[in-house]
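my_file.cif (mmCIF, C-alpha atoms)
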```cif
data_data
#
loop_
_atom_site.label_atom_id
_atom_site.label_comp_id
_atom_site.auth_asym_id
_atom_site.auth_seq_id
_atom_site.Cartn_x
_atom_site.Cartn_y
_atom_site.Cartn_z
CA MET A 1160 -26.46 -29.32 94.65
CA SER A 1161 -26.77 -32.73 96.28
CA LYS A 1162 -28.84 -33.03 99.42
CA LEU A 1163 -26.92 -32.67 102.66
CA PRO A 1164 -27.06 -35.44 105.29
CA ASN A 1165 -29.50 -35.21 108.18
CA ASN A 1166 -28.15 -33.08 111.05
CA ASN A 1167 -25.32 -31.96 108.74
CA GLY A 1168 -24.86 -28.62 110.51
CA LEU A 1169 -24.47 -30.10 113.98
CA LEU A 1170 -22.21 -32.94 112.82
CA LEU A 1171 -20.06 -30.59 110.74
CA PHE A 1172 -19.70 -28.10 113.60
CA ASN A 1173 -18.63 -30.86 116.02
CA LYS A 1174 -16.09 -32.14 113.50
CA THR A 1175 -14.76 -28.62 112.92
CA VAL A 1176 -14.52 -27.53 116.55
CA LYS A 1177 -12.52 -30.67 117.43
CA GLU A 1178 -10.03 -29.85 114.68
CA VAL A 1179 -9.77 -26.25 115.92
CA LYS A 1180 -9.09 -27.49 119.46
CA LEU A 1181 -6.26 -29.72 118.20
CA GLU A 1182 -4.72 -26.88 116.18
CA PHE A 1183 -4.94 -24.48 119.13
CA LYS A 1184 -3.19 -27.09 121.28
CA ARG A 1185 -0.43 -27.45 118.68
CA GLN A 1186 0.03 -23.69 118.74
CA GLY A 1187 0.08 -23.44 122.54
CA ARG A 1188 -3.07 -21.31 122.67
CA PRO A 1189 -4.81 -21.30 126.08
CA GLU A 1190 -8.46 -20.78 125.06
CA LYS A 1191 -11.11 -22.66 127.02
CA TRP A 1192 -13.57 -25.01 125.31
CA SER A 1193 -16.37 -22.40 125.28
CA GLU A 1194 -14.00 -19.84 123.72
CA ILE A 1195 -12.90 -22.36 121.08
CA GLN A 1196 -16.53 -23.02 120.19
CA LYS A 1197 -17.25 -19.29 119.77
CA TRP A 1198 -14.11 -18.78 117.66
CA THR A 1199 -15.01 -21.78 115.47
CA SER A 1200 -18.56 -20.56 114.94
CA LYS A 1201 -17.47 -17.03 114.00
CA LYS A 1202 -14.25 -17.67 112.08
CA VAL A 1203 -14.52 -21.11 110.45
CA PHE A 1204 -17.98 -22.69 110.44
CA GLN A 1205 -19.61 -19.83 108.53
CA LYS A 1206 -17.22 -20.51 105.64
CA ILE A 1207 -17.85 -24.27 105.38
CA LYS A 1208 -21.39 -24.77 106.64
CA HIS A 1209 -22.63 -25.51 103.10
CA LYS A 1210 -20.24 -28.49 102.84
CA SER A 1211 -21.22 -32.09 103.48
CA VAL A 1212 -19.81 -33.50 106.70
CA ASN A 1213 -19.15 -36.77 104.84
CA LYS A 1214 -17.11 -35.16 102.08
CA ILE A 1215 -15.06 -32.42 103.74
CA THR A 1216 -11.78 -33.73 105.18
CA LEU A 1217 -9.93 -32.66 108.31
CA LYS A 1218 -7.17 -31.41 106.02
CA ASP A 1219 -9.67 -29.13 104.26
CA ILE A 1220 -10.95 -27.84 107.61
CA ASN A 1221 -7.42 -27.26 108.89
CA LYS A 1222 -6.58 -25.11 105.86
CA VAL A 1223 -9.46 -22.78 106.74
CA VAL A 1224 -8.42 -22.76 110.42
CA LEU A 1225 -4.79 -21.86 109.62
CA ASN A 1226 -5.94 -19.17 107.20
CA GLU A 1227 -8.05 -17.52 109.91
CA ILE A 1228 -5.23 -17.75 112.43
CA GLU A 1229 -2.88 -16.17 109.91
CA LYS A 1230 -5.27 -13.22 109.55
CA GLU A 1231 -4.96 -12.61 113.29
CA THR A 1232 -1.16 -12.74 113.18
CA PRO A 1233 0.49 -9.30 112.93
CA THR A 1234 2.67 -8.55 109.94
CA ASP A 1235 6.42 -8.27 110.44
CA THR A 1236 6.24 -4.48 110.48
CA ASP A 1237 4.00 -4.69 113.56
CA CYS A 1238 6.52 -6.63 115.66
CA ASP A 1239 9.54 -5.63 117.72
CA SER A 1240 12.55 -7.95 117.70
CA VAL A 1241 13.03 -10.15 120.77
CA THR A 1242 16.66 -9.03 120.68
CA LEU A 1243 15.50 -5.66 122.08
CA VAL A 1244 15.04 -7.38 125.45
CA PRO A 1245 18.52 -7.79 127.00
CA ILE A 1246 19.52 -10.68 129.24
CA THR A 1247 19.25 -8.40 132.27
CA ASP A 1248 15.49 -8.08 131.64
CA ARG A 1249 14.77 -11.80 131.32
CA ASN A 1250 14.81 -13.01 134.93
CA PRO A 1251 12.08 -11.20 136.93
CA GLU A 1252 10.88 -12.44 140.32
CA TRP A 1253 7.69 -14.50 140.01
CA TRP A 1254 5.55 -12.01 141.94
CA ASP A 1255 6.77 -9.04 139.88
CA ILE A 1256 6.09 -10.48 136.42
CA TYR A 1257 3.28 -8.12 135.31
CA SER A 1258 5.11 -4.98 136.40
CA HIS A 1259 8.18 -6.31 134.64
CA ILE A 1260 6.68 -7.16 131.25
CA SER A 1261 4.84 -3.83 131.25
CA SER A 1262 8.24 -2.14 130.91
CA LEU A 1263 9.25 -4.19 127.85
CA PRO A 1264 8.94 -2.96 124.23
CA PRO A 1265 5.18 -3.07 123.48
CA ASN A 1266 5.40 -5.01 120.23
CA VAL A 1267 7.62 -7.85 121.46
CA SER A 1268 5.67 -11.12 121.58
CA ILE A 1269 5.81 -13.08 124.84
CA ARG A 1270 4.18 -15.85 126.85
CA ILE A 1271 3.99 -16.38 130.62
CA ASN A 1272 4.61 -20.08 131.13
CA CYS A 1273 4.01 -21.86 134.45
CA GLY A 1274 3.98 -25.33 132.90
CA SER A 1275 1.05 -27.52 133.89
CA MET A 1276 -0.07 -24.78 136.33
CA GLY A 1277 -1.05 -22.54 133.41
CA LYS A 1278 0.17 -20.59 130.39
CA THR A 1279 -0.97 -17.39 128.74
CA LYS A 1280 -1.48 -16.93 125.02
CA ILE A 1281 1.45 -15.93 122.82
CA ASP A 1282 0.87 -12.25 122.10
CA LYS A 1283 2.44 -8.81 122.00
CA VAL A 1284 3.21 -7.14 125.34
CA SER A 1285 0.76 -4.34 124.56
CA ASN A 1286 -2.12 -6.82 124.29
CA PHE A 1287 -1.68 -8.26 127.79
CA SER A 1288 -3.87 -7.04 130.62
CA GLU A 1289 -2.99 -7.47 134.27
CA SER A 1290 -5.74 -10.08 134.63
CA ASP A 1291 -4.27 -12.09 131.72
CA VAL A 1292 -0.98 -12.40 133.58
CA THR A 1293 -2.07 -12.66 137.20
CA SER A 1294 -4.69 -15.32 136.45
CA VAL A 1295 -1.77 -17.58 135.52
CA SER A 1296 1.23 -16.35 137.52
CA PHE A 1297 -0.74 -15.83 140.76
CA SER A 1298 -2.86 -18.98 140.55
CA ALA A 1299 -3.30 -21.09 143.68
CA ASP A 1300 -0.99 -23.76 142.25
CA VAL A 1301 1.80 -21.26 141.60
CA ARG A 1302 1.48 -19.74 145.08
CA LYS A 1303 1.73 -23.22 146.54
CA PHE A 1304 4.72 -24.06 144.34
CA THR A 1305 6.61 -20.90 145.35
CA ASN A 1306 5.41 -21.02 148.96
CA ASN A 1307 4.43 -17.39 148.29
CA SER A 1308 8.02 -16.31 148.85
CA SER A 1309 11.00 -14.88 146.95
CA GLY A 1310 13.70 -16.96 145.26
CA PHE A 1311 11.54 -18.19 142.38
CA PHE A 1312 11.79 -16.36 139.07
CA PHE A 1313 10.90 -16.42 135.37
CA ASN A 1314 13.58 -17.23 132.81
CA GLY A 1315 13.01 -15.78 129.32
CA PHE A 1316 13.98 -17.83 126.26
CA ASP A 1317 13.70 -16.99 122.56
CA LYS A 1318 11.40 -19.38 120.71
CA VAL A 1319 10.05 -19.79 117.21
CA LYS A 1320 6.28 -19.29 117.06
CA PRO A 1321 4.16 -22.29 116.06
CA ASN A 1322 3.81 -22.55 112.26
CA LYS A 1323 6.56 -19.97 111.79
CA LYS A 1324 10.05 -20.45 110.38
CA ASP A 1325 13.40 -19.58 111.88
CA ASP A 1326 13.87 -16.84 109.30
CA GLY A 1327 15.09 -13.91 111.38
CA LYS A 1328 11.84 -11.93 110.89
CA ASN A 1329 10.57 -10.13 113.96
CA CYS A 1330 7.12 -11.74 114.02
CA SER A 1331 8.53 -15.26 113.82
CA TYR A 1332 9.74 -15.26 117.42
CA PHE A 1333 8.52 -14.74 120.97
CA ILE A 1334 10.03 -14.76 124.46
CA ASP A 1335 8.78 -17.59 126.67
CA PHE A 1336 9.03 -16.53 130.32
CA ILE A 1337 9.19 -19.92 132.05
CA LEU A 1338 8.81 -20.21 135.83
CA ALA A 1339 11.90 -21.66 137.53
CA ASP A 1340 12.41 -22.89 141.06
CA SER A 1341 15.02 -21.54 143.45
CA SER A 1342 17.64 -23.89 141.95
CA GLY A 1343 17.04 -22.63 138.43
CA ASN A 1344 15.10 -25.70 137.26
CA LEU A 1345 12.36 -24.85 134.75
CA VAL A 1346 8.88 -26.07 135.69
CA ASP A 1347 7.97 -26.68 132.05
CA SER A 1348 10.08 -29.65 130.99
CA SER A 1349 7.39 -31.03 128.71
CA GLU A 1350 8.76 -29.26 125.66
CA PRO A 1351 12.25 -28.34 124.43
CA VAL A 1352 13.69 -24.93 125.20
CA PHE A 1353 12.91 -23.90 121.63
CA LEU A 1354 9.63 -24.74 119.88
CA GLY A 1355 11.68 -24.85 116.70
CA GLU A 1356 15.41 -24.98 116.19
CA VAL A 1357 16.41 -21.32 116.51
CA SER A 1358 19.61 -21.00 114.53
CA GLU A 1359 22.46 -18.81 115.64
CA GLU A 1360 22.42 -17.31 112.14
CA ALA A 1361 18.89 -15.91 112.58
CA PHE A 1362 20.05 -13.15 114.92
CA GLY A 1363 23.74 -13.55 114.27
CA GLU A 1364 26.34 -13.59 117.02
CA ASP A 1365 24.13 -11.40 119.23
CA ARG A 1366 21.51 -14.12 119.77
CA ALA A 1367 24.13 -16.80 120.39
CA LYS A 1368 25.90 -14.57 122.90
CA ARG A 1369 22.67 -13.76 124.76
CA PHE A 1370 21.69 -17.42 124.96
CA LYS A 1371 25.05 -18.31 126.50
CA GLU A 1372 24.66 -15.43 128.95
CA SER A 1373 21.17 -16.67 129.85
CA GLU A 1374 22.46 -20.15 130.60
CA LYS A 1375 25.35 -18.70 132.63
CA ARG A 1376 22.96 -16.48 134.61
CA LYS A 1377 20.68 -19.42 135.36
CA LYS A 1378 23.62 -21.46 136.74
CA GLU A 1379 24.88 -18.49 138.77
CA ASN A 1380 21.41 -17.98 140.24
CA ALA A 1381 21.31 -21.63 141.29
CA LYS A 1382 24.71 -21.28 142.98
CA ILE A 1383 23.58 -18.15 144.82
CA GLN A 1384 20.48 -19.91 146.13
CA LYS A 1385 22.59 -22.86 147.32
CA ARG A 1386 25.02 -20.52 149.08
CA LYS A 1387 22.17 -18.76 150.83
CA LYS A 1388 20.91 -22.09 152.15
CA ALA A 1389 24.41 -23.17 153.18
CA ASP A 1390 25.14 -19.86 154.93
CA ARG A 1391 21.96 -20.01 156.99
CA PRO A 1392 22.88 -21.17 160.55
CA LYS A 1393 21.35 -24.55 161.20
CA ASP A 1394 20.74 -23.81 164.89
CA VAL A 1395 18.72 -20.64 164.27
CA LYS A 1396 15.50 -22.56 163.77
CA LYS A 1397 16.15 -24.45 167.00
CA GLU A 1398 16.42 -21.23 169.01
CA LYS A 1399 12.86 -20.20 168.18
CA PRO A 1400 9.97 -22.64 168.04
CA LYS A 1401 8.64 -23.20 164.51
CA THR A 1402 5.16 -22.37 165.72
CA GLU A 1403 6.34 -18.80 166.36
CA GLU A 1404 8.86 -18.26 163.55
CA LYS A 1405 7.28 -19.73 160.43
CA PRO A 1406 3.82 -18.15 160.51
CA LYS A 1407 5.28 -14.71 161.26
CA GLU A 1408 7.75 -14.92 158.40
CA SER A 1409 5.01 -16.04 156.01
CA LYS A 1410 2.79 -13.15 157.14
CA ASP A 1411 5.63 -10.64 156.75
CA ARG A 1412 6.37 -11.89 153.24
CA ASN A 1413 2.70 -11.72 152.29
CA ASP A 1414 2.53 -8.16 153.64
CA ILE A 1415 5.46 -7.10 151.46
CA VAL A 1416 4.07 -8.77 148.34
CA ARG A 1417 0.79 -6.96 148.98
CA ALA A 1418 2.66 -3.71 149.62
CA LEU A 1419 4.36 -4.08 146.23
CA GLU A 1420 1.00 -4.54 144.55
CA LEU A 1421 -0.41 -1.44 146.26
CA LEU A 1422 2.71 0.55 145.41
CA ARG A 1423 2.28 -0.32 141.74
CA GLU A 1424 -1.35 0.79 141.86
CA ASP A 1425 -0.32 4.11 143.49
CA PHE A 1426 2.27 4.62 140.74
CA LYS A 1427 -0.37 4.02 138.06
CA ASP A 1428 -2.64 6.53 139.78
CA GLY A 1429 0.13 9.16 139.67
CA ILE A 1430 0.69 9.31 143.43
CA PHE A 1431 4.39 8.49 142.98
CA THR A 1432 6.82 9.69 140.32
CA LYS A 1433 8.78 7.08 138.41
CA ASP A 1434 11.91 7.71 140.50
CA GLU A 1435 9.95 7.59 143.78
CA TYR A 1436 8.29 4.35 142.68
CA LYS A 1437 11.64 2.73 141.84
CA LYS A 1438 13.11 3.82 145.19
CA GLU A 1439 10.18 2.49 147.25
CA ARG A 1440 10.03 -0.73 145.23
CA ALA A 1441 13.74 -1.39 145.69
CA LEU A 1442 13.36 -0.84 149.44
CA LEU A 1443 10.50 -3.38 149.69
CA ILE A 1444 12.36 -5.96 147.59
CA SER A 1445 15.42 -5.51 149.82
CA LYS A 1446 13.31 -6.22 152.88
CA LEU A 1447 11.79 -9.28 151.22
CA GLU A 1448 15.24 -10.69 150.45
CA ASP A 1449 16.39 -9.98 154.02
CA GLY A 1450 13.76 -12.30 155.41
CA GLY A 1451 10.48 -10.64 154.66
CA LYS A 1452 10.30 -8.44 157.76
CA ILE A 1453 8.93 -4.93 157.40
#
```

In structure tokens, write the structure found in this file.
Amino acid sequence: MSKLPNNNGLLLFNKTVKEVKLEFKRQGRPEKWSEIQKWTSKKVFQKIKHKSVNKITLKDINKVVLNEIEKETPTDTDCDSVTLVPITDRNPEWWDIYSHISSLPPNVSIRINCGSMGKTKIDKVSNFSESDVTSVSFSADVRKFTNNSSGFFFNGFDKVKPNKKDDGKNCSYFIDFILADSSGNLVDSSEPVFLGEVSEEAFGEDRAKRFKESEKRKKENAKIQKRKKADRPKDVKKEKPKTEEKPKESKDRNDIVRALELLREDFKDGIFTKDEYKKERALLISKLEDGGKI
């Protein structure tokens, strides 16, 4: 065996971890730099550390990276079809996203996508913790974007997973829940609606029908929001000074959002039955939509 260059290990690791970072970016994975370094050291570097940094190519490194990623990808028998999630379950309010996805089939793959404000990994519903979701959907940037109020929602779209084909297999797809503003505009316009061209043939007429319904629902939501704004009397704000009205409304809305979070915790602890939880939750949401006053 020929002698390896000086500092071969360090140079090879740096070359490898940069390639891993690029591949993770291509796949939409959200890992931080320190997490990428740990993954590289454990999954990839141990398999190529005997190679010369001057002779191994990025293509060779990428093959090892993709092979390790493939090992982490569940087989098709481990996945639920995205078609199990109907159109009625694809537009949750922004502040209710974790509670919402928790009710979805556990083996459907999803992502919570707030554009440049943050994205989660692409993974099965059962693998998401509350902290995974809230660290993105309740970030300071998202709260500022939504003004911590109702009207903003997530819109779920079928997408082909990175490095997968539009072949109709369950594990080839995921639902991307993309944050939308009150007019229905998606915050993530940096990429097309589909990561790959999802053919209508993949899921047959059912997928095509649901996509059309999703687009129709998004337009209807935008019209509803516009009507709400148009129906609001313009002289109401003039009757009460902004210094009195606005802070109170914001506080009331925050109180209800917090009440929803506490209600969910009580439900998890068994204090409420499922029916009681639904009833109380519906009541709080109704109050939030009526202006946020308890």

Just give me the gap between atom CA of A:Glu1439 and atom CA of A:Val1292 in Å, one decimal is fine. 23.1 Å

Contact residues around A:Phe1172 with all atoms listed in the file at 8 Å, ignoring same-chain residues under 4 positions, as a short mmCIF file (atom, residue, chain, number, x, y, z; two decimals) with C-alpha atoms, in the coordinates of the input:
```cif
data_model
loop_
_atom_site.label_atom_id
_atom_site.label_comp_id
_atom_site.auth_asym_id
_atom_site.auth_seq_id
_atom_site.Cartn_x
_atom_site.Cartn_y
_atom_site.Cartn_z
CA GLY A 1168 -24.86 -28.62 110.51
CA VAL A 1176 -14.52 -27.53 116.55
CA SER A 1200 -18.56 -20.56 114.94
CA PHE A 1204 -17.98 -22.69 110.44
CA LYS A 1208 -21.39 -24.77 106.64
#
```

Please report the interatomic distance between atom CA of A:Lys1201 and atom CA of A:Leu1181 in Å with one decimal. 17.4 Å

What's around A:Lys1214 at 12 Å? Count all atoms listed in the file, leave out sequence neighbours fewer than 5 positions away in its own chain, and write the answer as a ChimeraX atom specification. /A:1161,1163-1164,1167,1171,1174,1207,1209,1219-1220

For the selection just defined, write its residues with C-alpha atoms to a file, as a PDB file, in the frame of the given file.
```
ATOM      1  CA  SER A1161     -26.770 -32.730  96.280  1.00  0.00           C
ATOM      2  CA  LEU A1163     -26.920 -32.670 102.660  1.00  0.00           C
ATOM      3  CA  PRO A1164     -27.060 -35.440 105.290  1.00  0.00           C
ATOM      4  CA  ASN A1167     -25.320 -31.960 108.740  1.00  0.00           C
ATOM      5  CA  LEU A1171     -20.060 -30.590 110.740  1.00  0.00           C
ATOM      6  CA  LYS A1174     -16.090 -32.140 113.500  1.00  0.00           C
ATOM      7  CA  ILE A1207     -17.850 -24.270 105.380  1.00  0.00           C
ATOM      8  CA  HIS A1209     -22.630 -25.510 103.100  1.00  0.00           C
ATOM      9  CA  ASP A1219      -9.670 -29.130 104.260  1.00  0.00           C
ATOM     10  CA  ILE A1220     -10.950 -27.840 107.610  1.00  0.00           C
TER      11      ILE A1220
END
```

Excluding A:Phe1297 and any residue of its chain fewer than 3 positions from it, enumerate the residues within 12 Å of it, using all atoms listed in the file, and give them as a list in words. Trp1253, Trp1254, Asp1255, Ile1256, Tyr1257, Ile1271, Asn1272, Cys1273, Met1276, Gly1277, Lys1278, Glu1289, Ser1290, Asp1291, Val1292, Thr1293, Ser1294, Asp1300, Val1301, Arg1302, Lys1303, Phe1304, Thr1305, Asn1306, Asn1307, Ser1308, Leu1338 and Val1416 of chain A

Given the file above and the PyMOL selection byres ((chain A and resi 1317) around 8), which residues are selected, and can you give them as an NGL selection string? :A and (1241 or 1315-1316 or 1318-1319 or 1332-1335 or 1353 or 1357)

Just the number, please: distance in Å from atom CA of A:Val1284 to atom CA of A:Leu1442, one decimal. 26.9 Å

Carefully work through the PyMOL selection byres ((chain A and resi 1190) around 12) for this structure and note down the residues it includes, as a PyMOL selection string. chain A and resi 1179-1184+1186-1189+1191-1199+1277-1281+1291

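Residue nearest A:Pro1264 within the list A:Arg1440, A:Thr1242, A:Lys1328, A:Lys1222: A:Thr1242 [criterion: smallest interatomic distance, all atoms listed in the file].
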
Starting from the shown file, work through the PyMOL selection byres ((chain A and resi 1265) around 7) and note down what comes out as a JSON list (two decimals) with C-alpha atoms, keeping the file's coordinate frame.
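Contents of selection.json, freshly written:
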```
[["chain", "number", "residue", "atom", "x", "y", "z"],
["A", 1263, "LEU", "CA", 9.25, -4.19, 127.85],
["A", 1264, "PRO", "CA", 8.94, -2.96, 124.23],
["A", 1266, "ASN", "CA", 5.40, -5.01, 120.23],
["A", 1267, "VAL", "CA", 7.62, -7.85, 121.46],
["A", 1283, "LYS", "CA", 2.44, -8.81, 122.00],
["A", 1284, "VAL", "CA", 3.21, -7.14, 125.34],
["A", 1285, "SER", "CA", 0.76, -4.34, 124.56]]
```

Among the residues A:Asn1314, A:Asn1322, A:Asn1226, A:Asn1344, the one that comes closest to A:Ile1269 [using all atoms listed in the file]: A:Asn1314

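Nearest residue to A:Phe1313, choosing from A:Glu1229, A:Asp1282, A:Asp1326, A:Leu1345 and counting all atoms listed in the file: A:Leu1345.
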
Tell me, as a ChimeraX atom specification, which residues lie within 9 Å of A:Glu1252, counting only C-alpha atoms; anything in the same chain fewer than 5 positions away does not count. /A:1259,1309-1313

Any chance you could model N, CA and C atoms for stretch 1278-1303 of chain A and send them as a compact mmCIF listing (two decimals), keeping the file's coordinate frame?
```
# COMPACT_ATOMS: atom_id res chain seq x y z
N LYS A 1278 -0.60 -21.38 131.35
CA LYS A 1278 0.17 -20.59 130.39
C LYS A 1278 -0.75 -19.55 129.78
N THR A 1279 -0.18 -18.40 129.44
CA THR A 1279 -0.97 -17.39 128.74
C THR A 1279 -0.88 -17.67 127.24
N LYS A 1280 -1.60 -16.88 126.47
CA LYS A 1280 -1.48 -16.93 125.02
C LYS A 1280 -0.13 -16.35 124.61
N ILE A 1281 0.27 -16.58 123.38
CA ILE A 1281 1.45 -15.93 122.82
C ILE A 1281 0.96 -14.66 122.14
N ASP A 1282 1.39 -13.51 122.63
CA ASP A 1282 0.87 -12.25 122.10
C ASP A 1282 1.85 -11.12 122.39
N LYS A 1283 1.59 -9.98 121.77
CA LYS A 1283 2.44 -8.81 122.00
C LYS A 1283 2.23 -8.28 123.42
N VAL A 1284 3.26 -7.69 123.98
CA VAL A 1284 3.21 -7.14 125.34
C VAL A 1284 2.03 -6.18 125.49
N SER A 1285 1.81 -5.35 124.48
CA SER A 1285 0.76 -4.34 124.56
C SER A 1285 -0.64 -4.93 124.65
N ASN A 1286 -0.80 -6.19 124.27
CA ASN A 1286 -2.12 -6.82 124.29
C ASN A 1286 -2.42 -7.56 125.59
N PHE A 1287 -1.47 -7.57 126.51
CA PHE A 1287 -1.68 -8.26 127.79
C PHE A 1287 -2.30 -7.31 128.81
N SER A 1288 -3.31 -7.79 129.50
CA SER A 1288 -3.87 -7.04 130.62
C SER A 1288 -3.33 -7.66 131.90
N GLU A 1289 -3.49 -6.94 132.99
CA GLU A 1289 -2.99 -7.47 134.27
C GLU A 1289 -3.71 -8.76 134.64
N SER A 1290 -4.98 -8.86 134.31
CA SER A 1290 -5.74 -10.08 134.63
C SER A 1290 -5.26 -11.26 133.80
N ASP A 1291 -4.81 -11.01 132.54
CA ASP A 1291 -4.27 -12.09 131.72
C ASP A 1291 -3.08 -12.75 132.40
N VAL A 1292 -2.23 -11.92 132.98
CA VAL A 1292 -0.98 -12.40 133.58
C VAL A 1292 -1.20 -12.98 134.96
N THR A 1293 -1.92 -12.22 135.81
CA THR A 1293 -2.07 -12.66 137.20
C THR A 1293 -2.94 -13.90 137.33
N SER A 1294 -3.85 -14.12 136.38
CA SER A 1294 -4.69 -15.32 136.45
C SER A 1294 -3.85 -16.58 136.31
N VAL A 1295 -2.68 -16.45 135.67
CA VAL A 1295 -1.77 -17.58 135.52
C VAL A 1295 -0.68 -17.55 136.57
N SER A 1296 0.06 -16.42 136.65
CA SER A 1296 1.23 -16.35 137.52
C SER A 1296 0.89 -16.28 139.01
N PHE A 1297 -0.35 -15.90 139.35
CA PHE A 1297 -0.74 -15.83 140.76
C PHE A 1297 -1.82 -16.86 141.09
N SER A 1298 -1.88 -17.93 140.29
CA SER A 1298 -2.86 -18.98 140.55
C SER A 1298 -2.53 -19.69 141.86
N ALA A 1299 -3.50 -20.39 142.40
CA ALA A 1299 -3.30 -21.09 143.68
C ALA A 1299 -2.16 -22.09 143.58
N ASP A 1300 -2.05 -22.77 142.42
CA ASP A 1300 -0.99 -23.76 142.25
C ASP A 1300 0.39 -23.11 142.27
N VAL A 1301 0.51 -21.94 141.63
CA VAL A 1301 1.80 -21.26 141.60
C VAL A 1301 2.17 -20.76 142.99
N ARG A 1302 1.20 -20.21 143.72
CA ARG A 1302 1.48 -19.74 145.08
C ARG A 1302 1.94 -20.89 145.97
N LYS A 1303 1.33 -22.05 145.77
CA LYS A 1303 1.73 -23.22 146.54
C LYS A 1303 3.13 -23.67 146.15
```
